[in-house]
file input.cif (mmCIF, C-alpha atoms and all ligand atoms)
data_start
loop_
_atom_site.label_atom_id
_atom_site.label_comp_id
_atom_site.auth_asym_id
_atom_site.auth_seq_id
_atom_site.Cartn_x
_atom_site.Cartn_y
_atom_site.Cartn_z
CA MET A 242 93.34 -10.52 131.45
CA ILE A 243 96.24 -12.70 132.63
CA CYS A 244 97.01 -12.35 136.33
CA MET A 245 100.73 -11.70 136.83
CA LYS A 246 102.56 -13.27 139.78
CA ASN A 247 104.27 -10.42 141.57
CA LEU A 248 107.58 -10.64 143.40
CA VAL A 249 108.74 -8.03 145.89
CA ILE A 250 112.46 -7.91 146.71
CA LEU A 251 113.70 -6.45 150.00
CA ILE A 252 117.25 -5.08 150.17
CA SER A 253 119.46 -3.10 152.53
CA GLY A 254 122.61 -2.51 150.51
CA GLY A 255 124.41 -3.20 147.26
CA GLY A 256 121.69 -5.33 145.77
CA SER A 257 123.86 -7.66 143.71
CA ASN A 258 121.50 -10.58 144.40
CA MET A 259 118.57 -8.38 143.43
CA ALA A 260 120.41 -7.48 140.21
CA ALA A 261 121.01 -11.19 139.48
CA ILE A 262 117.30 -11.90 139.96
CA LEU A 263 116.31 -8.99 137.70
CA LYS A 264 118.76 -10.22 135.08
CA ALA A 265 117.41 -13.77 135.21
CA ALA A 266 113.85 -12.45 135.00
CA GLN A 267 114.80 -10.55 131.88
CA THR A 268 116.98 -13.10 130.09
CA GLN A 269 114.69 -16.03 130.94
CA ARG A 270 111.62 -13.91 130.09
CA TRP A 271 109.83 -14.74 133.35
CA VAL A 272 106.83 -12.64 132.28
CA ASP A 273 106.22 -14.99 129.34
CA THR A 274 107.57 -18.26 130.70
CA LEU A 275 106.44 -18.04 134.33
CA GLY A 276 103.82 -15.30 134.29
CA ALA A 277 105.91 -13.51 136.91
CA GLN A 278 107.51 -10.13 137.35
CA VAL A 279 109.52 -8.22 139.93
CA ALA A 280 106.88 -5.67 140.92
CA ALA A 281 108.96 -3.68 143.39
CA VAL A 282 112.22 -3.36 145.29
CA ILE A 283 111.91 -2.03 148.83
CA SER A 284 114.80 -0.94 151.04
CA ASN A 285 114.97 -0.09 154.73
CA ARG A 286 117.91 2.19 153.93
CA PRO A 287 117.39 5.27 151.74
CA ASP A 288 121.03 5.12 150.58
CA ALA A 289 120.98 1.44 149.47
CA LYS A 290 122.86 1.30 146.18
CA GLY A 291 120.52 -1.37 144.86
CA LEU A 292 117.68 1.17 144.67
CA GLU A 293 119.42 3.03 141.85
CA LEU A 294 120.05 -0.23 139.99
CA ALA A 295 116.38 -1.16 140.27
CA LYS A 296 115.20 2.27 139.14
CA ALA A 297 117.55 2.13 136.15
CA GLN A 298 115.77 -1.07 135.12
CA GLY A 299 112.35 0.51 135.40
CA VAL A 300 111.38 -1.35 138.58
CA ALA A 301 109.25 0.48 141.16
CA THR A 302 111.17 1.25 144.36
CA ALA A 303 110.22 2.31 147.86
CA VAL A 304 112.00 3.09 151.11
CA VAL A 305 110.63 2.14 154.51
CA ASN A 306 113.28 3.54 156.81
CA HIS A 307 113.49 1.58 160.06
CA LEU A 308 114.85 4.70 161.80
CA SER A 309 111.52 6.46 161.26
CA TYR A 310 109.56 4.01 163.43
CA PRO A 311 109.41 3.80 167.22
CA SER A 312 109.44 0.00 167.40
CA ARG A 313 110.20 -3.14 165.45
CA ASP A 314 106.47 -3.89 165.29
CA ALA A 315 105.67 -0.45 163.86
CA PHE A 316 108.42 -0.79 161.24
CA ASP A 317 107.31 -4.27 160.23
CA GLN A 318 103.69 -3.08 159.92
CA ALA A 319 104.73 -0.21 157.63
CA LEU A 320 106.87 -2.62 155.62
CA MET A 321 103.94 -5.04 155.25
CA ASP A 322 101.69 -2.17 154.13
CA SER A 323 104.22 -1.20 151.46
CA ILE A 324 104.77 -4.81 150.30
CA ASP A 325 101.06 -5.65 150.23
CA THR A 326 100.22 -2.90 147.75
CA HIS A 327 101.84 -5.31 145.23
CA ASN A 328 99.95 -8.42 146.38
CA PRO A 329 103.08 -10.62 146.00
CA VAL A 330 103.22 -14.38 145.62
CA LEU A 331 106.82 -14.23 146.88
CA VAL A 332 108.71 -11.82 149.12
CA VAL A 333 112.44 -12.19 148.46
CA LEU A 334 114.94 -11.13 151.12
CA ALA A 335 118.13 -10.23 149.26
CA GLY A 336 120.65 -8.87 151.71
CA PHE A 337 117.84 -7.46 153.85
CA MET A 338 119.59 -6.90 157.15
CA ARG A 339 116.69 -6.62 159.60
CA ILE A 340 115.39 -9.16 162.08
CA LEU A 341 111.73 -9.75 161.29
CA THR A 342 108.97 -10.05 163.88
CA PRO A 343 107.00 -13.32 164.17
CA GLY A 344 103.92 -11.38 163.00
CA PHE A 345 105.69 -10.41 159.76
CA VAL A 346 106.91 -13.96 159.16
CA SER A 347 103.49 -15.49 159.73
CA HIS A 348 101.80 -12.86 157.52
CA TYR A 349 103.95 -14.13 154.60
CA ASP A 350 103.82 -17.79 155.61
CA GLY A 351 104.88 -19.87 152.59
CA ARG A 352 105.76 -16.76 150.57
CA LEU A 353 109.01 -15.63 152.24
CA VAL A 354 112.50 -16.68 151.12
CA ASN A 355 116.01 -15.61 152.11
CA ILE A 356 119.60 -16.12 151.04
CA HIS A 357 122.27 -16.52 153.69
CA PRO A 358 126.02 -16.58 153.02
CA SER A 359 126.83 -19.86 154.75
CA LEU A 360 126.05 -23.54 154.51
CA LEU A 361 123.13 -23.51 156.92
CA PRO A 362 122.57 -24.71 159.57
CA ALA A 363 126.21 -23.67 160.15
CA PHE A 364 126.96 -20.02 160.92
CA THR A 365 123.59 -18.34 161.30
CA GLY A 366 123.73 -14.60 161.98
CA LEU A 367 126.52 -12.18 161.09
CA HIS A 368 130.22 -12.40 160.12
CA THR A 369 129.73 -15.80 158.51
CA HIS A 370 132.89 -15.71 156.38
CA GLN A 371 135.26 -14.78 159.20
CA ARG A 372 133.66 -17.41 161.41
CA ALA A 373 134.14 -20.06 158.69
CA LEU A 374 137.80 -19.05 158.41
CA ASP A 375 138.25 -19.09 162.20
CA ALA A 376 136.80 -22.60 162.31
CA ALA A 377 139.29 -23.68 159.58
CA CYS A 378 136.42 -24.80 157.32
CA LYS A 379 137.61 -26.36 154.07
CA PHE A 380 134.34 -25.51 152.34
CA ALA A 381 131.90 -22.64 152.61
CA GLY A 382 128.87 -21.61 150.63
CA ALA A 383 125.42 -20.11 150.53
CA THR A 384 121.87 -21.25 151.25
CA VAL A 385 118.48 -20.23 149.91
CA HIS A 386 115.79 -21.14 152.41
CA ARG A 387 112.20 -20.53 153.36
CA VAL A 388 111.91 -18.12 156.26
CA THR A 389 110.52 -19.26 159.59
CA ALA A 390 110.31 -17.40 162.89
CA GLU A 391 113.80 -18.61 163.91
CA LEU A 392 116.61 -16.49 162.42
CA ASP A 393 118.37 -18.12 159.43
CA HIS A 394 116.43 -21.37 159.79
CA GLY A 395 113.70 -22.91 157.67
CA PRO A 396 113.56 -25.53 154.94
CA ILE A 397 116.49 -25.36 152.53
CA LEU A 398 115.69 -24.80 148.85
CA GLU A 399 119.17 -24.53 147.27
CA GLN A 400 122.79 -24.58 148.40
CA ALA A 401 126.11 -23.95 146.70
CA VAL A 402 129.52 -24.99 147.99
CA VAL A 403 132.85 -23.26 147.37
CA PRO A 404 136.34 -24.19 148.55
CA VAL A 405 138.08 -22.16 151.23
CA LEU A 406 141.59 -21.45 149.88
CA PRO A 407 144.68 -21.25 152.11
CA ASP A 408 145.27 -17.51 151.79
CA ASP A 409 141.64 -16.40 151.87
CA ASP A 410 140.56 -13.49 153.99
CA ALA A 411 136.88 -12.85 154.72
CA ASP A 412 136.54 -10.57 151.67
CA ASP A 413 138.02 -13.18 149.30
CA LEU A 414 135.67 -15.81 150.63
CA ALA A 415 132.65 -13.48 150.53
CA ALA A 416 133.34 -12.66 146.87
CA ARG A 417 133.65 -16.34 145.94
CA VAL A 418 130.42 -17.18 147.78
CA LEU A 419 128.60 -14.20 146.25
CA THR A 420 129.22 -15.41 142.69
CA GLN A 421 127.40 -18.62 143.65
CA GLU A 422 124.59 -16.73 145.37
CA HIS A 423 123.89 -15.03 142.05
CA LEU A 424 123.34 -18.45 140.45
CA ILE A 425 121.32 -20.25 143.10
CA TYR A 426 118.92 -17.46 144.12
CA PRO A 427 117.33 -16.88 140.68
CA ARG A 428 117.23 -20.66 140.18
CA ALA A 429 115.43 -21.26 143.49
CA ILE A 430 112.93 -18.49 142.77
CA ALA A 431 112.17 -19.79 139.28
CA LYS A 432 111.59 -23.27 140.75
CA LEU A 433 109.20 -21.86 143.34
CA LEU A 434 107.33 -19.94 140.67
CA ARG A 435 106.98 -23.11 138.63
CA GLY A 436 105.58 -24.79 141.73
CA ALA A 437 108.38 -27.33 141.55
CA VAL A 438 109.53 -26.98 145.16
C1 LIG B 501 124.77 -11.43 150.51
O1 LIG B 501 125.98 -12.09 150.70
C2 LIG B 501 123.67 -12.11 151.31
O2 LIG B 501 123.79 -13.51 151.34
C3 LIG B 501 123.89 -11.52 152.66
O3 LIG B 501 124.17 -10.17 152.44
C4 LIG B 501 124.80 -10.04 151.15
C5 LIG B 501 124.02 -9.02 150.36
O4 LIG B 501 124.66 -8.72 149.16
N1 LIG B 501 122.74 -11.70 153.49
C6 LIG B 501 122.80 -11.88 154.80
O5 LIG B 501 123.84 -11.89 155.43
C7 LIG B 501 121.46 -12.08 155.47
N2 LIG B 501 121.61 -12.70 156.74
P1 LIG B 501 123.89 -7.98 147.98
O6 LIG B 501 123.21 -6.74 148.61
O7 LIG B 501 124.97 -7.57 147.04
O8 LIG B 501 122.90 -8.92 147.40
#
call {"tool": "encode", "arguments": {"input": "input.cif", "output": "structure tokens"}}
result
Amino acid sequence: MICMKNLVILISGGGSNMAAILKAAQTQRWVDTLGAQVAAVISNRPDAKGLELAKAQGVATAVVNHLSYPSRDAFDQALMDSIDTHNPVLVVLAGFMRILTPGFVSHYDGRLVNIHPSLLPAFTGLHTHQRALDAACKFAGATVHRVTAELDHGPILEQAVVPVLPDDDADDLAARVLTQEHLIYPRAIAKLLRGAV
């Protein structure tokens, strides 16, 4: 029996990056070419739109609602329990809007990746697009990186750059960056699965 490499994707909202990864997995036939599959999509929000998208594609879904746990540690432990039922080689944060405990990060050491909507190390944290506009940046972008204990840090795997146009508001810029996120995240994951990074 061939042992499949499982991916678990964590989301909190719309799940467009998750959808791009699922699409790449399907069109590039990751099961055959990389021996890999998206085993599950897990959300901390029961109303995350991405859950429906995942279900519609036949992917297992789960909710670990952070509001149901008394502490960050208790939530992260429940999340780890849910993730580990799939024994993943990679845990993919795709718009997962929770700060993770050091215990969680070290449990997935070498297996945890994130996408952030800025050209890291610039603009860690929230409101990246408005902050890029406020700083009069001429370029913005997105970064796929390995996750370390420090928020939005860790070795960079892929980046994409977009221009900031004169009349952009934060939504315009976010939309332009998001189209690039959908290209670089599946690419970075496929590279990791090939062992090329
Ligand atoms: C994406 O822009 C992603 O980079 C960002 O949230 C959005 C999720 O969109 N992530 C972060 O800000 C994490 N710090 P999606 O749910 O449509 O993929």
call {"tool": "atom_distance", "arguments": {"input": "input.cif", "atom1": "atom CA of Val300 of chain A", "atom2": "atom CA of Pro358 of chain A"}}
result
25.6 Å
call {"tool": "residues_near_ligand", "arguments": {"input": "input.cif", "ligand": "ligand LIG 501 (chain B)", "cutoff": "6 Å", "atoms": "all atoms listed in the file", "output": "number ranges by chain"}}
result
A: 254-259, 335-336, 338, 356-358, 366, 419
call {"tool": "residues_around", "arguments": {"input": "input.cif", "residues": "Lys432 of chain A", "least_positions_apart": "6", "cutoff": "12 Å", "atoms": "all atoms listed in the file", "output": "ChimeraX atom specification"}}
result
/A:271,274-275,277,331,385,398-399,425-426,438
call {"tool": "closest_residue", "arguments": {"input": "input.cif", "among": "A:Asp350, A:Arg387, A:Ala260, A:Asp393", "to": "Phe364 of chain A", "atoms": "all atoms listed in the file"}}
result
A:Asp393
call {"tool": "atom_distance", "arguments": {"input": "input.cif", "atom1": "atom CA of Asn247 of chain A", "atom2": "atom CA of Leu434 of chain A"}}
result
10.0 Å
call {"tool": "atom_distance", "arguments": {"input": "input.cif", "atom1": "atom CA of Ser359 of chain A", "atom2": "atom CA of Ile250 of chain A"}}
result
20.3 Å
call {"tool": "closest_residue", "arguments": {"input": "input.cif", "among": "A:Leu433, A:Leu294, A:Val272, A:Ile252", "to": "Asn306 of chain A", "atoms": "all atoms listed in the file"}}
result
A:Ile252
call {"tool": "closest_residue", "arguments": {"input": "input.cif", "among": "A:Ser309, A:Gln421, A:Asn355, A:Thr342", "to": "Ala381 of chain A", "atoms": "only C-alpha atoms"}}
result
A:Gln421
call {"tool": "residues_near_point", "arguments": {"input": "input.cif", "point": "(107.3, -9.4, 144.6)", "cutoff": "8 Å", "atoms": "all atoms listed in the file", "output": "NGL selection string"}}
result
:A and (246-250 or 278-282 or 324 or 327-333)
call {"tool": "residues_near_point", "arguments": {"input": "input.cif", "point": "(112.1, -9.7, 160.4)", "cutoff": "12 Å", "atoms": "all atoms listed in the file", "output": "count of residues only"}}
result
35
call {"tool": "closest_residue", "arguments": {"input": "input.cif", "among": "A:His368, A:Arg417, A:His423, A:Lys379", "to": "Lys264 of chain A", "atoms": "only C-alpha atoms"}}
result
A:His423
call {"tool": "closest_residue", "arguments": {"input": "input.cif", "among": "A:Gly436, A:Thr384, A:Ile430, A:Ala363", "to": "Leu263 of chain A", "atoms": "only C-alpha atoms"}}
result
A:Ile430
